[in-house]
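Here the structure comes first, spelled out in structure tokens, and everything after it is commentary.
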Amino acid sequence: MKVDLKEQFLISPSLAFFLVHSMQIGVGVLGFQRYVAAMVEQDSWITVLIAGATVHVIIWMMYKMLNKEKGDLISIHESTFGKWLGGALSFLFMIYLIALGTTVLRSFIEVIQVWMFPMIKTWPIALVYLISVYYIIAGGFRTVTGVCFLGVVIPLYLVFTFLAPLEFSNYRNLLPIFDHSVKELALSVKTMTLSYLGFELLLIYYPFFKKPETSQKWFHYGNLFTMFLYLYLMLITLVYFTPDHLKRTIWATLTLWKIVRFPFVERFEYIGIASWVVVILPNICLAFWAASRTAKRLFHVKQKKALGFILLLSVIATPFLKDRQMIDRLNSLVSEFGFYFIYGYIPILFVCYYIMTKVRKKA
Amino acid sequence: MKWFRKGSKQEDLSLYNLIQHFTKSGDFIHFHNPQSPKPYWISYYGSLVDAEIVHRDILPYLQDPNISGYEDFQSAVPIEKVEITSDLETIQKKMLAGSVLIQFSENDNKGALVRAEMNKAREVSIPEEEFSVVGPKESFVESLTTNLNLIRKRLPIPQLAIREFTVGTLSQTRVAVLFIEEIANEENINTVLQRIGDLKYHQILDSSYIAQMISDNENSPFPQLIDTERPDRVAGVLAEGSIVILVDGSPHALIGPTTLVKFFAALEDYFINWQLASALRVIRLFSVSFSILVTPVYVAVLTYHYELIPRDLMATLVSSRSLIPLPPFLEAVILELTIELLREAGARLPTKVGQTIGIVGGIVIGTASVEAGLTSNVLLIIVALAALASFTTPVYKMGNSIRLIRFPFLLLAELWGLIGIALAFAFLMGHLLRLTSFGRPYMEPIYPPRLEDLKDAFIRLPFKMQPKRPIELQSPDTIMFSGKKAQEMNDIDE
């Protein structure tokens with residue numbers, strides 16, 4: 001089933017680069033190193049590469065399906081599993097998207113609360129943030145893509161700030177290479193893939209590309225760029241922190257910023273966190289946009305109304321996530337779901353979809 | 001206009017009655033000359049008609065004994081397009097535009113209309129808002145005819161099309177839409193023509209009325225059309241494929257579709273060499289972001305993030321702020337408002353008084369308030385610089401927007417420090433991304449990213465590197481010029 005959209009709402013295929021990259025980089029970047037290094041320590045950078053490679057395979061699978069269907073996840077579900085079961089699965093995906101957006105927002109507010117304003121209430125920031133999210137999404141997918149683009153380009157200067165800790169780093173930390181078992185590597189790869197999550201939203205915004213087939217190249221480049229960024233950060237983290245130190249550092253990236261120093265600025269992490277408002281804006285916008293778009297396709301309601309409802313739900317939900325434990329639990333819940341969705345469900349869907357189309361053709 | 005309406009039910013709707021109605025007006029002249037060989041009636045609005053034309057080019061020919069009717073008169077008078085008509089609507093319209101009506105009998109239902117309007121216009125003078133040291137020094141005046149002449153002189157090609165409208169039920173303002181055929185995008189032209197055609201308003205006093213009414217988003221603080229007083233700028237953008245709107249009675253032309261970065265491009269950038277122009281542009285863009293962000297950052301840092309400031313700088317700041325009773329936010333708001341107040345007073349007052357006020361306000365109040373311990377001198381410097389920086393925008397209206405959007409930033413900075421500033425920035429970003437100008441994206445070439453158009457955005461590359469029209473304008477004729485430089489060195493010493 002083809003999903004048709006008016007020409008004026010479509011975006012150029014090359015923007016796929018920014019869509020995928022902006023969604024993958026989020027709050028996770030601020031502290032992903034500890035989880036990955038917990039098992040493989042100095043070999044973490046290998047993990048980053050392997051996890052990135054597996055993502056490419058999944059992207060290829062998704063494009064195979066989407067190119068054939070010329071639609072989105074909802075239409076794939078419908079043609080594979082029928083209206084009701086397919087609809088239910090799409091609904092589940094929508095819940096995941098809402099949870100994803102809310103989690104990102106809540107985790108970021110947690111960072112603000114821990115690093116900048118310990119006493120600040122959760123809901124006012126969530127409210128103001130989501131009002132701007134509503135305003136952006138109401139401008140349509142082109143505006144959301146614009147935010148993704150600027151959300152990558154504007155904070156790009158931060159990449160250079162991570163060079164500062166190199167002054168105090170010890171390159172012997174990287175040795176010995178390949179010092180861990182395959183099992184340990186495999187488990188850490190699983191953890192690392194969580195940092196790559198976010199590209200699955202392609203299943204919703206695929207029909208918004210002009211000549212969507214041509215966007216695949218850019219999508220892969222985007223993921224490749226994410227991989228290099230993670231590799232860069234991981235290497236700097238590994239040479240700067242000793243393994244024991246890293247295990248005790250929740251937000252390693254933020255800690256790296258403590259080294260950055262200018263004649264006019266000390267405590268650079270404040271500026272980093274403030275810049276991160278712009279970095280996670282695409283995450284939240286895209287997640288809620290995709291959720292409201294799914295709602296529109298499933299229930300045939302106005303996207304504006306669905307969006308308002310979803311955002312309201314999110315504002316109400318954030319203050320209930322009170323402490324570190326709850327946020328951490330929600331985080332791992334959402335990422336576990338994302339992991340099984342991508343590495344379990346998508347390959348299954350891929351096979352089912354191909355069988356179903358073959359069956360349909362014969363019938 | 002009220003007296004004559006199409007299809008009105010008035011019984012005796014004759015030319016005689018129309019003239020009788022006009023005579024009620026004090027400046028209407030209506031007289032009979034029975035002495036001439038062929039007696040005639042002449043009527044016109046004395047306030048609209050150039051008396052010299054009447055005396056020199058009309059009256060002598062009426063005395064001519066050879067004239068026996070309207071046709072003879074039409075061929076004798078040395079003025080183009082003498083119209084003989086009995087259509088009351090035309091007669092009324094033309095007379096109100098400065099035509100003279102000649103009748104050979106008072107009860108005749110037709111008459112000859114001779115154009116004799118008075119053209120009182122200001123002399124073409126030096127541009128004041130967009131002055132540039134190098135380059136042409138002409139600026140538009142209030143007369144549409146003069147303005148069109150200034151543009152036509154710079155583009156003497158038949159493709160330059162002018163579409164005229166009359167807007168305003170009371171003011172009957174002439175509005176001209178200019179574009180170059182086959183260069184301007186058809187869709188853009190239709191958008192503009194349609195929007196101006198649909199305008200319903202009673203009075204158009206200036207082109208900014210039109211600008212506000214045809215803008216894509218009327219609720220945005222950002223201008224979505226560039227207004228300029230320079231004919232050279234207009235000619236330049238016409239050649240790129242933009243559309244220009246001129247309004248009679250307004251010395252400002254409107255240019256669209258446009259983008260955000262074009263508001264920070266001065267025409268002077270094209271008159272000086274490209275390295276210098278690029279540097280100036282970068283300074284301008286820097287000063288704009290400085291102007292928006294600096295006071296909010298001051299408030300944010302001094303309210304919440306003392307740790308951000310290095311020790312040495314901290315000492316300076318603390319010593320300047322140690323005696324100030326106000327929190328940074330109030331201090332900043334008061335100073336910002338003072339500057340706005342000074343600017344506003346300076347804008348309203350006559351030039352000479354304005355200078356005095358500038359000195360009193362800027363120097364006396366500034367120094368006194370620091371000495372009195374009401375404001376810190378660091379903030380005074382910052383606010384004054386920010387105000388100065390906002391005036392570097394070449395388009396005046398953009399400077400105003402820049403000064404306005406500083407206040408929401410200040411408020412959010414007071415609420416949540418740097419996070420608040422970032423949130424305000426997110427809003428601003430979303431707003432700018434949503435804006436369009438005649439349906440074209442406002443943020444181009446930043447978003448949608450178009451590398452090709454970056455050649456004339458943040459920097460200006462040399463002319464030979466700009467052979468193509470901006471993609472933004474979607475011109476059907478993309479190549480502006482082609483051809484290589486006459487002399488190009490192939491190798492060293494060759």
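Following the order of the structure tokens, first chain is A, next is B, and so on, with residues numbered from 1 inside each chain and ligands from 1 in the order they appear.
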Quick one: which range 100-141 of chain A residues come within 12 Å of range 29-40 of chain A, and what is the nearest atom pair for each with the distance in Å to one decimal, counting only C-alpha atoms, rows ordered by chain and ascending number, as JSON lines?
```
{"residue": "A:Val104", "atom": "CA", "partner": "A:Val29", "partner_atom": "CA", "distance": 11.5}
{"residue": "A:Ser107", "atom": "CA", "partner": "A:Leu30", "partner_atom": "CA", "distance": 10.5}
{"residue": "A:Phe108", "atom": "CA", "partner": "A:Leu30", "partner_atom": "CA", "distance": 9.6}
{"residue": "A:Glu110", "atom": "CA", "partner": "A:Leu30", "partner_atom": "CA", "distance": 11.9}
{"residue": "A:Val111", "atom": "CA", "partner": "A:Leu30", "partner_atom": "CA", "distance": 9.0}
{"residue": "A:Ile112", "atom": "CA", "partner": "A:Leu30", "partner_atom": "CA", "distance": 11.9}
{"residue": "A:Trp115", "atom": "CA", "partner": "A:Leu30", "partner_atom": "CA", "distance": 12.0}
```
Preceding selection exported with C-alpha atoms as an mmCIF file, in the first residue's frame:
```
data_model
loop_
_atom_site.group_PDB
_atom_site.id
_atom_site.type_symbol
_atom_site.label_atom_id
_atom_site.label_comp_id
_atom_site.auth_asym_id
_atom_site.auth_seq_id
_atom_site.Cartn_x
_atom_site.Cartn_y
_atom_site.Cartn_z
ATOM 1 C CA VAL A 104 14.653 11.285 26.814
ATOM 2 C CA SER A 107 16.615 11.841 31.650
ATOM 3 C CA PHE A 108 17.756 15.182 30.373
ATOM 4 C CA GLU A 110 17.661 14.675 35.516
ATOM 5 C CA VAL A 111 21.006 15.784 34.119
ATOM 6 C CA ILE A 112 19.957 19.396 34.646
ATOM 7 C CA TRP A 115 24.550 19.163 37.397
#
```
Task: Spatial neighbours of Phe320 in chain A, 12 Å, only C-alpha atoms, chain gap at least 3 places, as an MDAnalysis selection string - done: chainID A and resid 102:103 106 121:123 313:317 323:324 326:327 330
Please dump the current selection as a PDB file, in the first residue's frame; keep C-alpha atoms.
```pdb
ATOM      1  CA  THR A 102       9.222  11.000  27.610  1.00  0.00           C
ATOM      2  CA  THR A 103      12.284   9.083  28.744  1.00  0.00           C
ATOM      3  CA  ARG A 106      13.018  13.066  31.805  1.00  0.00           C
ATOM      4  CA  LYS A 121      10.944  21.175  39.711  1.00  0.00           C
ATOM      5  CA  THR A 122      10.508  18.765  36.823  1.00  0.00           C
ATOM      6  CA  TRP A 123       7.195  19.810  35.386  1.00  0.00           C
ATOM      7  CA  LEU A 313       0.313  12.682  28.689  1.00  0.00           C
ATOM      8  CA  SER A 314       4.057  13.228  28.681  1.00  0.00           C
ATOM      9  CA  VAL A 315       3.893  16.396  30.806  1.00  0.00           C
ATOM     10  CA  ILE A 316       1.748  14.588  33.335  1.00  0.00           C
ATOM     11  CA  ALA A 317       4.016  11.530  33.356  1.00  0.00           C
ATOM     12  CA  ASP A 323      14.510   9.542  41.423  1.00  0.00           C
ATOM     13  CA  ARG A 324      17.543   8.008  39.778  1.00  0.00           C
ATOM     14  CA  MET A 326      12.960   5.040  38.531  1.00  0.00           C
ATOM     15  CA  ILE A 327      14.515   6.933  35.653  1.00  0.00           C
ATOM     16  CA  LEU A 330      12.371   3.350  32.667  1.00  0.00           C
TER      17      LEU A 330
END
```
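Residues from chain A that have an atom within 8 Å of chain B, counting only C-alpha atoms, are Val128, Tyr129, Ser132, Tyr135, Ile136, Gly139, Thr143, Gly146, Val147, Phe149, Leu150, Pro263, Phe264, Val265, Glu266, Arg267, Phe268, Tyr270, Ile271, Ile273, Ala274, Ser275, Val277, Val278 and Leu281 of chain A.
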Open item on the list: Residues within 10 Å of Ile95 in chain A, please, as a ChimeraX atom specification. Count only C-alpha atoms; anything in the same chain fewer than 3 positions from it doesn't count.
Closed with: /A:89-92,98-100,291,294-295,310
Restrict the selected residues to C-alpha atoms and save them as a PDB file, in the first residue's frame.
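Final output, saved to out_25.pdb:
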```
ATOM      1  CA  LEU A  89       1.454  -4.027  16.693  1.00  0.00           C
ATOM      2  CA  SER A  90       1.570  -0.491  15.313  1.00  0.00           C
ATOM      3  CA  PHE A  91      -0.177   0.692  18.459  1.00  0.00           C
ATOM      4  CA  LEU A  92       2.503  -0.986  20.530  1.00  0.00           C
ATOM      5  CA  ILE A  98       5.737   8.054  23.438  1.00  0.00           C
ATOM      6  CA  ALA A  99       7.746   6.324  26.155  1.00  0.00           C
ATOM      7  CA  LEU A 100      10.937   7.060  24.228  1.00  0.00           C
ATOM      8  CA  ALA A 291       3.939   8.908  17.647  1.00  0.00           C
ATOM      9  CA  THR A 294       1.179   6.784  13.851  1.00  0.00           C
ATOM     10  CA  ALA A 295      -1.907   7.805  15.795  1.00  0.00           C
ATOM     11  CA  ILE A 310       0.364  12.744  23.644  1.00  0.00           C
TER      12      ILE A 310
END
```
TODO: Please provide as a ChimeraX atom specification all residues within 12 Å of Ile479 in chain B, with the sequence filter that same-chain residues fewer than 5 positions apart are discarded (counting only C-alpha atoms).
DONE: /B:182-183,239-241,465-471,474
- [ ] Give me the residues within 8 Å of range 64-79 of chain A as a ChimeraX atom specification, counting only C-alpha atoms and dropping any in the same chain fewer than 6 places off.
- [x] /A:1-3,85-87,89-90,203-207,212-213,294,297-298,350,353,356
Open item on the list: Using DSSP assignments from the backbone, pull out every residue in range 112-271 of chain A that falls under alpha helix (DSSP H) and give it to me as a PyMOL selection string.
Closed with: chain A and resi 112-115+122-138+141-153+158-161+182-196+202-205+215-240+243-247+252-257+268-271
TODO: In Å, rounded to a single decimal, give me how far CA of Lys397 in chain B is from CA of Val383 in chain B.
DONE: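 About the pair CA of Val383 in chain B and CA of Lys397 in chain B: they are 19.9 Å apart.
When only C-alpha atoms are used to measure the gap to Val152 in chain A, the shortest distance among A:Gly101, A:Pro118, A:Gly308, A:Pro282 belongs to A:Pro282.
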Task: Between CA of Pro65 in chain B and CA of Asn17 in chain B - distance in Å to one decimal - done: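 For CA of Asn17 in chain B relative to CA of Pro65 in chain B, the distance reads 29.3 Å.
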So which residues touch Ile283 in chain B within 12 Å, counting only C-alpha atoms, skipping near sequence neighbours fewer than 3 positions away, as an mmCIF file with N, CA and C atoms, in the first residue's frame?
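Wrote it out as selection35.cif, contents follow:
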```cif
data_model
loop_
_atom_site.group_PDB
_atom_site.id
_atom_site.type_symbol
_atom_site.label_atom_id
_atom_site.label_comp_id
_atom_site.auth_asym_id
_atom_site.auth_seq_id
_atom_site.Cartn_x
_atom_site.Cartn_y
_atom_site.Cartn_z
ATOM 1 N N PHE B 264 20.893 40.624 6.473
ATOM 2 C CA PHE B 264 22.175 41.050 7.017
ATOM 3 C C PHE B 264 23.187 41.342 5.921
ATOM 4 N N ALA B 265 22.704 41.374 4.686
ATOM 5 C CA ALA B 265 23.576 41.724 3.568
ATOM 6 C C ALA B 265 23.312 43.174 3.202
ATOM 7 N N LEU B 276 36.822 41.686 1.969
ATOM 8 C CA LEU B 276 36.401 42.699 2.920
ATOM 9 C C LEU B 276 34.908 42.556 3.202
ATOM 10 N N ALA B 277 34.147 42.360 2.110
ATOM 11 C CA ALA B 277 32.698 42.240 2.249
ATOM 12 C C ALA B 277 32.357 41.041 3.132
ATOM 13 N N SER B 278 33.057 39.925 2.909
ATOM 14 C CA SER B 278 32.775 38.729 3.703
ATOM 15 C C SER B 278 33.081 38.979 5.167
ATOM 16 N N ALA B 279 34.217 39.640 5.415
ATOM 17 C CA ALA B 279 34.592 39.917 6.797
ATOM 18 C C ALA B 279 33.527 40.786 7.463
ATOM 19 N N LEU B 280 33.054 41.793 6.732
ATOM 20 C CA LEU B 280 32.046 42.678 7.310
ATOM 21 C C LEU B 280 30.760 41.924 7.604
ATOM 22 N N PHE B 286 27.894 38.195 13.662
ATOM 23 C CA PHE B 286 28.368 38.024 15.025
ATOM 24 C C PHE B 286 27.715 39.056 15.935
ATOM 25 N N SER B 287 27.646 40.304 15.460
ATOM 26 C CA SER B 287 27.118 41.334 16.338
ATOM 27 C C SER B 287 25.635 41.130 16.599
ATOM 28 N N VAL B 288 24.942 40.539 15.632
ATOM 29 C CA VAL B 288 23.533 40.275 15.872
ATOM 30 C C VAL B 288 23.354 39.225 16.963
ATOM 31 N N SER B 289 24.115 38.130 16.869
ATOM 32 C CA SER B 289 23.975 37.112 17.918
ATOM 33 C C SER B 289 24.461 37.654 19.256
ATOM 34 N N PHE B 290 25.497 38.474 19.207
ATOM 35 C CA PHE B 290 25.987 39.132 20.420
ATOM 36 C C PHE B 290 24.879 39.979 21.028
ATOM 37 N N SER B 291 24.233 40.747 20.170
ATOM 38 C CA SER B 291 23.199 41.662 20.643
ATOM 39 C C SER B 291 22.049 40.918 21.309
ATOM 40 N N ALA B 389 25.251 47.020 18.583
ATOM 41 C CA ALA B 389 25.365 45.885 17.667
ATOM 42 C C ALA B 389 24.078 45.664 16.900
ATOM 43 N N SER B 390 22.941 45.949 17.556
ATOM 44 C CA SER B 390 21.681 45.701 16.860
ATOM 45 C C SER B 390 21.493 46.688 15.706
ATOM 46 N N THR B 392 23.717 47.364 13.531
ATOM 47 C CA THR B 392 24.540 47.019 12.372
ATOM 48 C C THR B 392 23.734 46.330 11.281
ATOM 49 N N THR B 393 22.494 45.933 11.574
ATOM 50 C CA THR B 393 21.701 45.290 10.524
ATOM 51 C C THR B 393 21.392 46.311 9.445
ATOM 52 N N PHE B 458 26.588 33.928 4.308
ATOM 53 C CA PHE B 458 27.407 34.396 5.429
ATOM 54 C C PHE B 458 28.637 35.147 4.922
ATOM 55 N N ILE B 459 29.076 34.731 3.764
ATOM 56 C CA ILE B 459 30.175 35.439 3.129
ATOM 57 C C ILE B 459 29.759 35.747 1.703
#
```
TODO: Show which residues sit within 9 Å of range 219-224 of chain A, as a list in words. Count only C-alpha atoms, and ignore same-chain residues fewer than 2 positions away.
DONE: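 Here the answer would be Pro13, Ser14, Leu15, Ala16, Phe17, Phe18, Leu19, Val20, His21, Ser22, Gln24, Gly52, Ala53, Val55, His56, Ile59, Trp60, Tyr196, Phe199, Ser215, Gln216, Lys217, Thr226, Met227, Phe228 and Leu229 of chain A.
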TODO: For each of B:Val114, B:Ile151, B:Val282, B:Val333, take the minimum atom-to-atom distance to Val237 in chain B, counting only C-alpha atoms, then give the residue where this is smallest.
DONE: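 Closest candidate: B:Ile151.
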